[in-house]
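What's in work16.txt: compact mmCIF, C-alpha atoms
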```txt
# COMPACT_ATOMS: atom_id res chain seq x y z
CA MET L 1 121.50 121.11 68.35
CA THR L 2 122.83 124.57 67.55
CA THR L 3 124.15 126.88 70.26
CA ALA L 4 121.43 129.45 69.62
CA ARG L 5 118.70 126.80 69.81
CA PHE L 6 120.05 125.40 73.06
CA GLU L 7 120.33 128.89 74.52
CA SER L 8 116.76 129.75 73.61
CA LEU L 9 115.51 126.47 75.10
CA TYR L 10 117.46 127.24 78.27
CA ALA L 11 115.98 130.75 78.37
CA TYR L 12 112.51 129.19 78.11
CA ALA L 13 113.27 126.73 80.92
CA LEU L 14 114.35 129.60 83.17
CA ARG L 15 110.69 130.73 83.24
CA PHE L 16 109.95 127.79 85.52
CA TYR L 17 112.12 129.10 88.34
CA PRO L 18 110.35 130.98 91.15
CA SER L 19 109.79 134.57 90.03
CA THR L 20 111.98 136.15 92.71
CA PHE L 21 114.92 133.92 91.83
CA ARG L 22 114.32 134.33 88.11
CA GLU L 23 114.19 138.13 88.30
CA ARG L 24 117.49 138.22 90.15
CA TYR L 25 119.51 135.60 88.31
CA ALA L 26 118.01 134.64 84.94
CA ALA L 27 120.17 137.07 82.96
CA SER L 28 123.31 135.99 84.81
CA MET L 29 122.45 132.31 84.31
CA ARG L 30 121.98 132.83 80.59
CA GLN L 31 125.28 134.66 80.47
CA ALA L 32 127.01 131.85 82.36
CA LEU L 33 125.62 129.34 79.85
CA ARG L 34 126.71 131.54 76.94
CA ASP L 35 130.20 131.70 78.42
CA ALA L 36 130.23 127.94 78.88
CA LEU L 37 129.08 127.36 75.28
CA GLY L 38 131.84 129.67 74.09
CA ASP L 39 134.48 127.85 76.14
CA ASN L 40 136.19 125.36 73.84
CA SER L 41 137.76 123.52 76.78
CA LEU L 42 134.32 122.19 77.73
CA PRO L 43 132.92 119.68 75.21
CA ARG L 44 129.22 120.01 74.31
CA ARG L 45 128.59 116.34 75.08
CA THR L 46 129.65 117.10 78.66
CA LEU L 47 128.05 120.53 78.97
CA ILE L 48 124.54 119.77 77.70
CA PRO L 49 123.79 116.82 80.06
CA LEU L 50 125.35 118.83 82.90
CA VAL L 51 123.07 121.80 82.24
CA LEU L 52 119.98 119.60 81.88
CA ARG L 53 120.71 117.78 85.17
CA ASP L 54 121.38 121.09 86.82
CA LEU L 55 118.06 122.48 85.57
CA VAL L 56 116.10 119.63 87.12
CA THR L 57 117.90 119.66 90.48
CA SER L 58 118.10 123.41 90.90
CA LEU L 59 114.47 123.96 89.80
CA THR L 60 113.36 121.51 92.48
CA LYS L 61 115.67 123.04 95.06
CA GLU L 62 114.61 126.62 94.37
CA HIS L 63 110.91 125.77 94.49
CA LEU L 64 111.38 123.98 97.80
CA ALA L 65 113.37 126.94 99.11
CA MET L 66 110.58 129.28 97.97
CA LEU L 67 107.94 127.18 99.76
CA ARG L 68 110.09 127.16 102.88
CA ASP L 69 110.49 130.94 102.74
CA ILE L 70 106.76 131.47 102.28
CA PHE L 71 105.35 128.95 104.72
CA ALA L 72 108.01 128.43 107.38
CA ARG L 73 107.50 131.90 108.81
CA PRO L 74 106.94 131.62 112.57
CA ALA L 75 103.92 133.97 112.61
CA LEU L 76 102.20 132.02 109.83
CA VAL L 77 102.91 128.64 111.44
CA PHE L 78 101.79 129.95 114.85
CA ASN L 79 98.50 131.27 113.43
CA ALA L 80 97.88 128.00 111.61
CA LEU L 81 98.52 126.01 114.80
CA ILE L 82 96.17 128.23 116.83
CA LEU L 83 93.44 127.88 114.21
CA THR L 84 94.00 124.11 114.07
CA ALA L 85 93.69 123.88 117.86
CA LEU L 86 90.47 125.94 117.79
CA ALA L 87 89.03 123.85 114.97
CA SER L 88 89.93 120.63 116.80
CA GLY L 89 88.31 121.89 120.01
CA LEU L 90 85.18 122.92 118.14
CA ALA L 91 84.96 119.57 116.35
CA LEU L 92 85.44 117.76 119.65
CA ALA L 93 82.60 119.80 121.18
CA LEU L 94 80.46 119.11 118.11
CA TYR L 95 80.92 115.43 118.84
CA ALA L 96 80.93 115.38 122.64
CA ILE L 97 77.88 117.57 123.35
CA PRO L 98 75.36 115.75 121.10
CA GLN L 99 76.87 112.43 122.14
CA GLN L 100 76.21 113.23 125.81
CA VAL L 101 72.70 114.50 125.04
CA LEU L 102 71.95 111.30 123.12
CA ARG L 103 73.40 109.06 125.80
CA LEU L 104 71.66 110.82 128.69
CA GLY L 105 68.40 110.95 126.74
CA ALA L 106 68.63 107.19 126.21
CA ASP L 107 67.89 106.74 129.95
CA ASP L 108 64.67 108.78 130.02
CA PRO L 109 62.02 106.04 129.53
CA GLN L 110 63.90 103.67 131.85
CA ILE L 111 64.01 106.26 134.66
CA ALA L 112 60.23 106.64 134.54
CA MET L 113 59.66 102.87 134.30
CA ALA L 114 62.04 102.00 137.14
CA THR L 115 60.55 104.69 139.39
CA ASP L 116 56.98 103.47 138.77
CA VAL L 117 57.84 99.80 139.30
CA VAL L 118 59.84 100.52 142.46
CA ALA L 119 56.93 102.57 143.86
CA SER L 120 54.53 99.74 143.13
CA LEU L 121 56.81 97.06 144.60
CA GLU L 122 57.57 99.03 147.73
CA LYS L 123 53.90 98.69 148.56
CA GLY L 124 53.69 94.89 148.07
CA GLY L 125 57.32 93.66 148.23
CA PRO L 126 59.40 92.17 145.38
CA THR L 127 58.36 88.60 146.06
CA GLY L 128 55.04 89.48 144.44
CA MET L 129 56.95 89.41 141.16
CA LEU L 130 57.37 85.66 141.48
CA GLN L 131 53.79 85.19 140.40
CA PRO L 132 53.62 84.47 136.63
CA GLY L 133 52.45 87.45 134.59
CA ALA L 134 52.71 89.88 137.49
CA LEU L 135 55.52 91.99 136.01
CA PRO L 136 53.87 92.95 132.70
CA ALA L 137 50.81 93.86 134.64
CA ILE L 138 52.78 96.39 136.67
CA ALA L 139 55.35 97.58 134.11
CA GLY L 140 53.21 97.23 130.98
CA GLY L 141 54.63 96.09 127.61
CA SER L 142 55.57 92.65 126.41
CA ALA L 143 56.14 89.60 128.61
CA GLN L 144 59.29 88.59 126.66
CA VAL L 145 61.76 91.02 125.15
CA ASP L 146 64.79 89.72 123.25
CA MET L 147 67.46 92.10 124.56
CA ALA L 148 69.72 91.46 121.56
CA ARG L 149 67.14 92.38 118.93
CA SER L 150 64.33 94.42 120.43
CA LEU L 151 64.49 98.14 121.12
CA THR L 152 61.57 97.92 123.58
CA PRO L 153 62.39 98.99 127.15
CA PHE L 154 62.14 96.15 129.68
CA ILE L 155 62.14 95.51 133.43
CA ILE L 156 64.10 92.95 135.47
CA VAL L 157 63.50 92.61 139.19
CA TYR L 158 66.29 91.25 141.40
CA ASP L 159 66.09 90.22 145.03
CA GLY L 160 68.21 91.73 147.79
CA GLN L 161 71.15 89.43 146.87
CA GLY L 162 71.01 90.34 143.19
CA LEU L 163 69.34 87.16 141.93
CA PRO L 164 66.62 87.62 139.31
CA LEU L 165 63.05 87.28 140.60
CA ALA L 166 61.16 88.25 137.48
CA SER L 167 62.12 89.47 134.05
CA GLN L 168 60.50 90.82 130.93
CA ALA L 169 63.71 90.25 128.95
CA TYR L 170 66.04 87.47 127.99
CA LEU L 171 69.36 87.15 126.28
CA ASN L 172 70.31 83.84 124.64
CA GLY L 173 67.32 82.32 126.48
CA GLN L 174 68.44 83.46 129.95
CA THR L 175 67.93 86.40 132.27
CA PRO L 176 71.28 88.22 132.46
CA ILE L 177 72.80 88.97 135.87
CA LEU L 178 74.34 92.31 136.77
CA PRO L 179 77.85 92.51 138.27
CA SER L 180 77.59 92.53 142.09
CA GLY L 181 79.46 95.86 142.26
CA VAL L 182 76.47 97.56 140.64
CA PHE L 183 74.15 96.29 143.39
CA ASP L 184 76.58 97.50 146.05
CA ASN L 185 76.57 100.93 144.44
CA VAL L 186 72.76 101.04 144.25
CA ARG L 187 72.44 99.84 147.86
CA GLN L 188 74.53 102.86 148.83
CA HIS L 189 73.20 105.55 146.48
CA GLY L 190 69.69 104.38 145.64
CA GLU L 191 70.15 104.53 141.87
CA ALA L 192 72.70 103.89 139.15
CA ARG L 193 72.62 104.72 135.45
CA ILE L 194 75.02 102.60 133.47
CA SER L 195 75.89 101.33 129.99
CA TRP L 196 75.77 97.61 130.48
CA GLN L 197 77.28 94.95 128.26
CA PRO L 198 75.91 91.65 129.59
CA ILE L 199 78.36 88.75 129.49
CA LEU L 200 75.74 86.66 127.72
CA GLY L 201 75.54 89.16 124.85
CA ARG L 202 79.21 90.11 124.60
CA GLU L 203 79.75 88.27 121.31
CA ASN L 204 76.75 90.09 119.81
CA GLY L 205 77.95 93.48 121.06
CA VAL L 206 74.74 94.05 123.03
CA HIS L 207 74.84 97.33 124.93
CA ILE L 208 72.04 98.20 127.33
CA ALA L 209 71.24 101.66 128.72
CA ALA L 210 70.24 100.54 132.22
CA VAL L 211 68.73 102.38 135.18
CA ILE L 212 68.85 100.41 138.43
CA GLN L 213 66.93 101.53 141.49
CA ARG L 214 66.72 100.10 145.03
CA ILE L 215 63.48 98.72 146.49
CA GLN L 216 63.40 99.96 150.03
CA GLY L 217 62.29 97.28 152.53
CA SER L 218 60.27 98.01 155.67
CA ASN L 219 63.45 97.66 157.77
CA GLY L 220 65.24 100.30 155.66
CA ALA L 221 67.55 97.78 153.90
CA ALA L 222 67.41 97.01 150.18
CA ALA L 223 64.64 94.44 149.65
CA GLY L 224 65.49 94.15 145.98
CA PHE L 225 66.40 96.02 142.82
CA VAL L 226 64.59 97.07 139.68
CA LEU L 227 66.50 97.32 136.44
CA ALA L 228 64.90 99.17 133.54
CA GLY L 229 66.89 98.74 130.35
CA ARG L 230 66.84 99.30 126.62
CA ASN L 231 69.08 98.17 123.80
CA MET L 232 71.34 101.09 122.78
CA ARG L 233 71.68 100.02 119.14
CA GLU L 234 69.73 102.99 117.79
CA VAL L 235 71.45 105.48 120.11
CA GLU L 236 74.85 104.12 119.10
CA ALA L 237 73.90 104.44 115.43
CA ARG L 238 73.05 108.10 116.04
CA GLU L 239 76.29 108.59 117.96
CA GLN L 240 78.12 107.14 114.98
CA GLN L 241 76.36 109.65 112.70
CA VAL L 242 77.32 112.49 115.03
CA ARG L 243 80.92 111.21 115.07
CA GLN L 244 81.02 111.12 111.26
CA MET L 245 79.55 114.62 110.97
CA ALA L 246 82.00 116.00 113.54
CA GLY L 247 84.88 114.22 111.74
CA ALA L 248 83.81 115.62 108.36
CA THR L 249 83.46 119.09 109.88
CA TRP L 250 86.95 118.80 111.42
CA ILE L 251 88.54 117.71 108.14
CA GLY L 252 86.66 120.50 106.33
CA MET L 253 87.88 123.10 108.80
CA LEU L 254 91.46 121.82 108.53
CA GLY L 255 91.18 122.07 104.73
CA VAL L 256 89.93 125.66 104.97
CA ILE L 257 92.78 126.52 107.38
CA LEU L 258 95.32 124.88 105.05
CA VAL L 259 94.05 126.68 101.95
CA GLY L 260 93.61 129.96 103.84
CA THR L 261 97.11 129.76 105.32
CA ALA L 262 98.59 128.91 101.93
CA ALA L 263 96.76 131.84 100.27
CA PHE L 264 97.68 134.25 103.07
CA GLY L 265 101.29 133.03 103.02
CA TRP L 266 101.45 133.54 99.26
CA TYR L 267 100.02 137.07 99.28
CA THR L 268 102.21 138.16 102.17
CA ARG L 269 105.33 136.34 100.94
CA PRO L 270 108.62 138.10 101.46
CA ARG L 271 109.59 140.07 98.37
CA PRO L 272 113.00 141.44 97.62
CA ALA L 273 113.32 145.18 98.26
CA MET J 1 132.15 143.89 122.05
CA ALA J 2 131.46 142.59 118.55
CA THR J 3 131.88 138.85 118.13
CA THR J 4 132.36 136.85 114.97
CA THR J 5 130.54 133.55 114.83
CA VAL J 6 132.42 130.90 112.92
CA PRO J 7 129.82 129.18 110.73
CA ALA J 8 129.25 125.47 110.97
CA VAL J 9 131.40 123.11 108.92
CA PRO J 10 131.56 120.85 106.93
CA LEU J 11 130.37 122.73 103.90
CA THR J 12 128.60 121.32 100.86
CA PRO J 13 130.96 120.68 97.93
CA ALA J 14 129.38 123.51 95.92
CA VAL J 15 129.72 126.08 98.73
CA PHE J 16 133.29 124.99 99.42
CA ALA J 17 134.21 125.25 95.72
CA ILE J 18 132.68 128.74 95.47
CA LEU J 19 134.49 129.96 98.60
CA LEU J 20 137.75 128.48 97.34
CA SER J 21 137.36 130.13 93.95
CA LEU J 22 136.51 133.54 95.42
CA ALA J 23 139.46 133.32 97.84
CA GLU J 24 141.61 134.34 94.85
CA GLY J 25 139.61 137.51 94.31
CA GLU J 26 136.43 138.85 92.73
CA LYS J 27 134.93 136.66 90.03
CA HIS J 28 131.79 136.37 87.91
CA GLY J 29 129.57 133.30 87.62
CA TYR J 30 131.20 131.39 84.78
CA LEU J 31 134.72 131.90 86.18
CA ILE J 32 133.57 130.37 89.48
CA MET J 33 132.01 127.41 87.60
CA LYS J 34 135.24 126.97 85.66
CA ASP J 35 137.41 127.06 88.78
CA ALA J 36 135.15 124.56 90.53
CA ARG J 37 135.54 122.12 87.63
CA THR J 38 139.29 121.88 88.05
CA SER J 39 140.71 119.34 90.48
CA GLN J 40 142.38 122.16 92.46
CA GLY J 41 139.03 123.91 92.75
CA GLY J 42 137.12 120.94 94.11
CA GLY J 43 136.33 119.01 90.90
CA ILE J 44 132.67 120.01 91.02
CA ASN J 45 130.66 120.07 87.81
CA MET J 46 128.26 122.85 88.66
CA GLY J 47 125.57 124.23 86.35
CA PRO J 48 124.29 127.82 86.42
CA GLY J 49 121.23 126.89 88.53
CA THR J 50 123.31 125.31 91.29
CA LEU J 51 125.84 128.15 91.16
CA TYR J 52 123.35 131.00 91.48
CA GLY J 53 121.17 129.12 93.96
CA SER J 54 124.23 128.58 96.16
CA LEU J 55 125.38 132.19 95.73
CA ASP J 56 121.92 133.41 96.69
CA ARG J 57 121.94 131.43 99.93
CA MET J 58 125.57 132.34 100.63
CA MET J 59 124.73 136.04 100.24
CA ARG J 60 121.84 135.61 102.65
CA ASP J 61 124.22 133.93 105.11
CA GLY J 62 126.70 136.76 104.68
CA LEU J 63 129.47 134.60 103.19
CA VAL J 64 129.77 136.40 99.85
CA GLU J 65 128.62 139.70 98.43
CA GLU J 66 128.20 141.32 95.08
CA THR J 67 130.88 143.83 94.22
CA GLY J 68 128.42 146.06 92.40
CA GLU J 69 130.96 146.51 89.62
CA SER J 70 130.57 144.84 86.26
CA ASP J 71 131.91 145.00 82.73
CA ASP J 72 128.52 143.79 81.50
CA GLU J 73 125.16 144.14 83.27
CA ARG J 74 124.54 140.40 82.80
CA ARG J 75 127.80 139.55 84.53
CA ARG J 76 127.75 140.02 88.28
CA TYR J 77 130.94 139.87 90.25
CA TYR J 78 131.15 138.35 93.71
CA ARG J 79 133.69 138.44 96.52
CA LEU J 80 134.17 136.83 99.91
CA THR J 81 133.09 138.60 103.09
CA ARG J 82 135.07 138.30 106.32
CA ARG J 83 132.57 135.75 107.48
CA GLY J 84 133.09 133.79 104.26
CA GLN J 85 136.84 133.93 104.75
CA SER J 86 136.60 132.60 108.31
CA MET J 87 134.29 129.83 107.17
CA LEU J 88 136.72 128.83 104.43
CA SER J 89 139.58 128.86 106.93
CA ALA J 90 137.63 126.67 109.34
CA GLU J 91 136.78 124.20 106.58
CA LEU J 92 140.38 124.09 105.36
CA ALA J 93 141.59 123.50 108.92
CA ARG J 94 139.08 120.67 109.28
CA LEU J 95 140.19 119.07 106.01
CA ASP J 96 143.83 119.57 106.91
CA ALA J 97 143.35 117.80 110.25
CA ALA J 98 141.55 114.95 108.48
CA MET J 99 144.36 114.65 105.93
CA ALA J 100 147.01 114.67 108.69
CA SER J 101 145.11 111.95 110.50
CA ALA J 102 144.80 109.86 107.33
CA ARG J 103 148.50 110.30 106.64
CA SER J 104 149.50 109.30 110.18
CA ARG J 105 147.45 106.10 109.77
CA GLY J 106 149.23 105.31 106.54
CA LEU J 107 146.14 105.80 104.40
CA ILE J 108 147.98 108.38 102.27
CA PRO J 109 151.69 107.92 101.49
CA HIS J 110 153.97 110.60 103.03
CA GLY J 111 154.84 113.15 100.41
CA GLY J 112 151.78 112.10 98.40
CA ARG J 113 149.37 114.66 96.97
CA SER J 114 146.81 115.76 99.50
```
Please express what this file holds, its structure, as structure tokens.
Amino acid sequence: MTTARFESLYAYALRFYPSTFRERYAASMRQALRDALGDNSLPRRTLIPLVLRDLVTSLTKEHLAMLRDIFARPALVFNALILTALASGLALALYAIPQQVLRLGADDPQIAMATDVVASLEKGGPTGMLQPGALPAIAGGSAQVDMARSLTPFIIVYDGQGLPLASQAYLNGQTPILPSGVFDNVRQHGEARISWQPILGRENGVHIAAVIQRIQGSNGAAAGFVLAGRNMREVEAREQQVRQMAGATWIGMLGVILVGTAAFGWYTRPRPA
Amino acid sequence: MATTTVPAVPLTPAVFAILLSLAEGEKHGYLIMKDARTSQGGGINMGPGTLYGSLDRMMRDGLVEETGESDDERRRYYRLTRRGQSMLSAELARLDAAMASARSRGLIPHGGRS
């Protein structure tokens, strides 16, 4: 390769340096190469690979330095962090608020059912539920609800000790039993609204939105308990949709912040005086 | 009272070679590259990109400065600043201490080239 050809190729390669660096040093770099090519003490077979290696490493280095100068400015980083925090908070609210509305709304039919059944039983006493067919007559709906598959709300009546007296629902062929702590809580407060994962349905991932109310006995003590429940499968599917939408919104907002920060950083980059 | 901060050492080979070359006086780019190539100058094979990239950062750090005088507009001359001189002194002192230590442990023969 002739000296002139190599010099012109080098001049072309200098275009790939960041503009600020190129404007300041391209002429000097060309001159340094010209001096090196004119120096007979430096063989071409040594000089050319040295210059090519130097081009690759210094191009990379100068571009990285340029990016650092543009984007590592404290004000720019601070603004980006503030915007990221705001976007994260907004995305969290976008998830948490609908999720709470969905979850609380999942209790609505059960609250009405439990209240009606408790009112009815407080007149006649929970032992009336022992008679076959009595519960559907009071609560309405089906006599047998498969808790794992059906989305139909159901009623289970427990006695004062927490043992099932009558049930519209079954799980793996049995009436599930609530943890005793729940009954203690309802004895004290009159009502509890819980997300219940019965032990019998744990392997199927059955989640029940349950409302438990106390049946007040004539002596003032809890004569029994009414549980109104519903499989949360559909609610959880909607929560999953909300989570995905909030996640997509968050990623979108982060992308906008990243692109916006990059564009702002570029247009306000430090320029030599 | 004005204070002079001694910059951190050790230096990169390229920065050390440039400081060492400019310690002799004002020089332009290719002369610095040529000095650096010699064993006395550090034995660094530096291309123009590395040289001017290093000079740019060293000017920003206040270690070297352009003289503003030139026999050709494409040739810029550089010189050490006081800060550059103190950094070179600190690096030389560090290397000297390391060499003395190596010599006292018998890693370098007494009277050998250091």
List the spatial neighbours of Asn172 (chain L) as a count of residues only - criterion: any atom at most 10 Å away, only C-alpha atoms, same-chain residues fewer than 5 positions off excluded. 5
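Take CA of Val64 (chain J) and CA of Leu22 (chain J): the distance between them is 8.6 Å.
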Exercise. When distances are computed from all atoms listed in the file, which of J:Arg75, J:Arg105, J:Arg57, J:Arg37 shows the smallest separation from chain L?
Worked result: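 Using all atoms listed in the file, chain L sits closest to J:Arg75.
Of the listed residues J:Leu88, J:Thr50, J:Ser70, J:Ala93, the one whose atoms come nearest to Ser21 (chain J) is J:Leu88, with distances taken using all atoms listed in the file.
Distance criterion 7 Å to chain J, applied with all atoms listed in the file, yields L:Tyr25, L:Ala27, L:Ser28, L:Met29, L:Gln31, L:Ala32, L:Leu33, L:Asp35, L:Ala36, L:Leu50, L:Val51, L:Asp54, L:Leu55, L:Ser58 on chain L.
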Dump of C-alpha atoms for the selected residues, as a PDB file, keeping the file's coordinate frame:
```pdb
ATOM      1  CA  TYR L  25     119.510 135.600  88.310  1.00  0.00           C
ATOM      2  CA  ALA L  27     120.170 137.070  82.960  1.00  0.00           C
ATOM      3  CA  SER L  28     123.310 135.990  84.810  1.00  0.00           C
ATOM      4  CA  MET L  29     122.450 132.310  84.310  1.00  0.00           C
ATOM      5  CA  GLN L  31     125.280 134.660  80.470  1.00  0.00           C
ATOM      6  CA  ALA L  32     127.010 131.850  82.360  1.00  0.00           C
ATOM      7  CA  LEU L  33     125.620 129.340  79.850  1.00  0.00           C
ATOM      8  CA  ASP L  35     130.200 131.700  78.420  1.00  0.00           C
ATOM      9  CA  ALA L  36     130.230 127.940  78.880  1.00  0.00           C
ATOM     10  CA  LEU L  50     125.350 118.830  82.900  1.00  0.00           C
ATOM     11  CA  VAL L  51     123.070 121.800  82.240  1.00  0.00           C
ATOM     12  CA  ASP L  54     121.380 121.090  86.820  1.00  0.00           C
ATOM     13  CA  LEU L  55     118.060 122.480  85.570  1.00  0.00           C
ATOM     14  CA  SER L  58     118.100 123.410  90.900  1.00  0.00           C
TER      15      SER L  58
END
```
query = Is there a way to get, as a PyMOL selection string, all residues within 8 Å of the point (126.8, 120.2, 95.4) in file coordinates, counting all atoms listed in the file?
reply = chain J and resi 12-15+44+46+50
- Can you tell me, as number ranges by chain, what residues are no more than 9 Å from region 238-241 of chain L when counting all atoms listed in the file, ignoring any on the same chain fewer than 3 positions away? L: 95, 98-99, 102-103, 233-235, 244-246
### Task
For CA of Pro176 (chain L) and CA of Glu236 (chain L), quote the distance in Å rounded to one decimal.
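Going from CA of Pro176 (chain L) over to CA of Glu236 (chain L) covers 21.1 Å.
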Using only C-alpha atoms, which protein or nucleic acid residues come within 10 Å of Pro198 (chain L)? Drop anything in the same chain fewer than 4 positions from it, and give the result as JSON, numbers by chain. {"L": [147, 171, 175, 176, 177, 178, 179, 202, 203, 204, 205, 206, 207, 208]}
Residue neighbourhood Arg68 (chain L), 12 Å, all atoms listed in the file, exclusion window fewer than 4 positions, as a PDB file with C-alpha atoms, in the coordinates of the input:
```pdb
ATOM      1  CA  LYS L  61     115.670 123.040  95.060  1.00  0.00           C
ATOM      2  CA  GLU L  62     114.610 126.620  94.370  1.00  0.00           C
ATOM      3  CA  HIS L  63     110.910 125.770  94.490  1.00  0.00           C
ATOM      4  CA  LEU L  64     111.380 123.980  97.800  1.00  0.00           C
ATOM      5  CA  ALA L  72     108.010 128.430 107.380  1.00  0.00           C
ATOM      6  CA  ARG L  73     107.500 131.900 108.810  1.00  0.00           C
ATOM      7  CA  PRO L  74     106.940 131.620 112.570  1.00  0.00           C
ATOM      8  CA  LEU L  76     102.200 132.020 109.830  1.00  0.00           C
ATOM      9  CA  VAL L  77     102.910 128.640 111.440  1.00  0.00           C
ATOM     10  CA  ALA L 262      98.590 128.910 101.930  1.00  0.00           C
ATOM     11  CA  GLY L 265     101.290 133.030 103.020  1.00  0.00           C
ATOM     12  CA  TRP L 266     101.450 133.540  99.260  1.00  0.00           C
ATOM     13  CA  ARG L 269     105.330 136.340 100.940  1.00  0.00           C
ATOM     14  CA  PRO L 270     108.620 138.100 101.460  1.00  0.00           C
TER      15      PRO L 270
END
```
Check your understanding: Counting all atoms listed in the file, which of L:Phe6, L:Phe71, L:Tyr158, L:Tyr12 gets nearest to Ala263 (chain L)?
Key ->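 Answer, going by the shortest atom-to-atom distance: L:Phe71.
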re CA of Gly220 (chain L) and CA of Pro164 (chain L): distance 20.7 Å
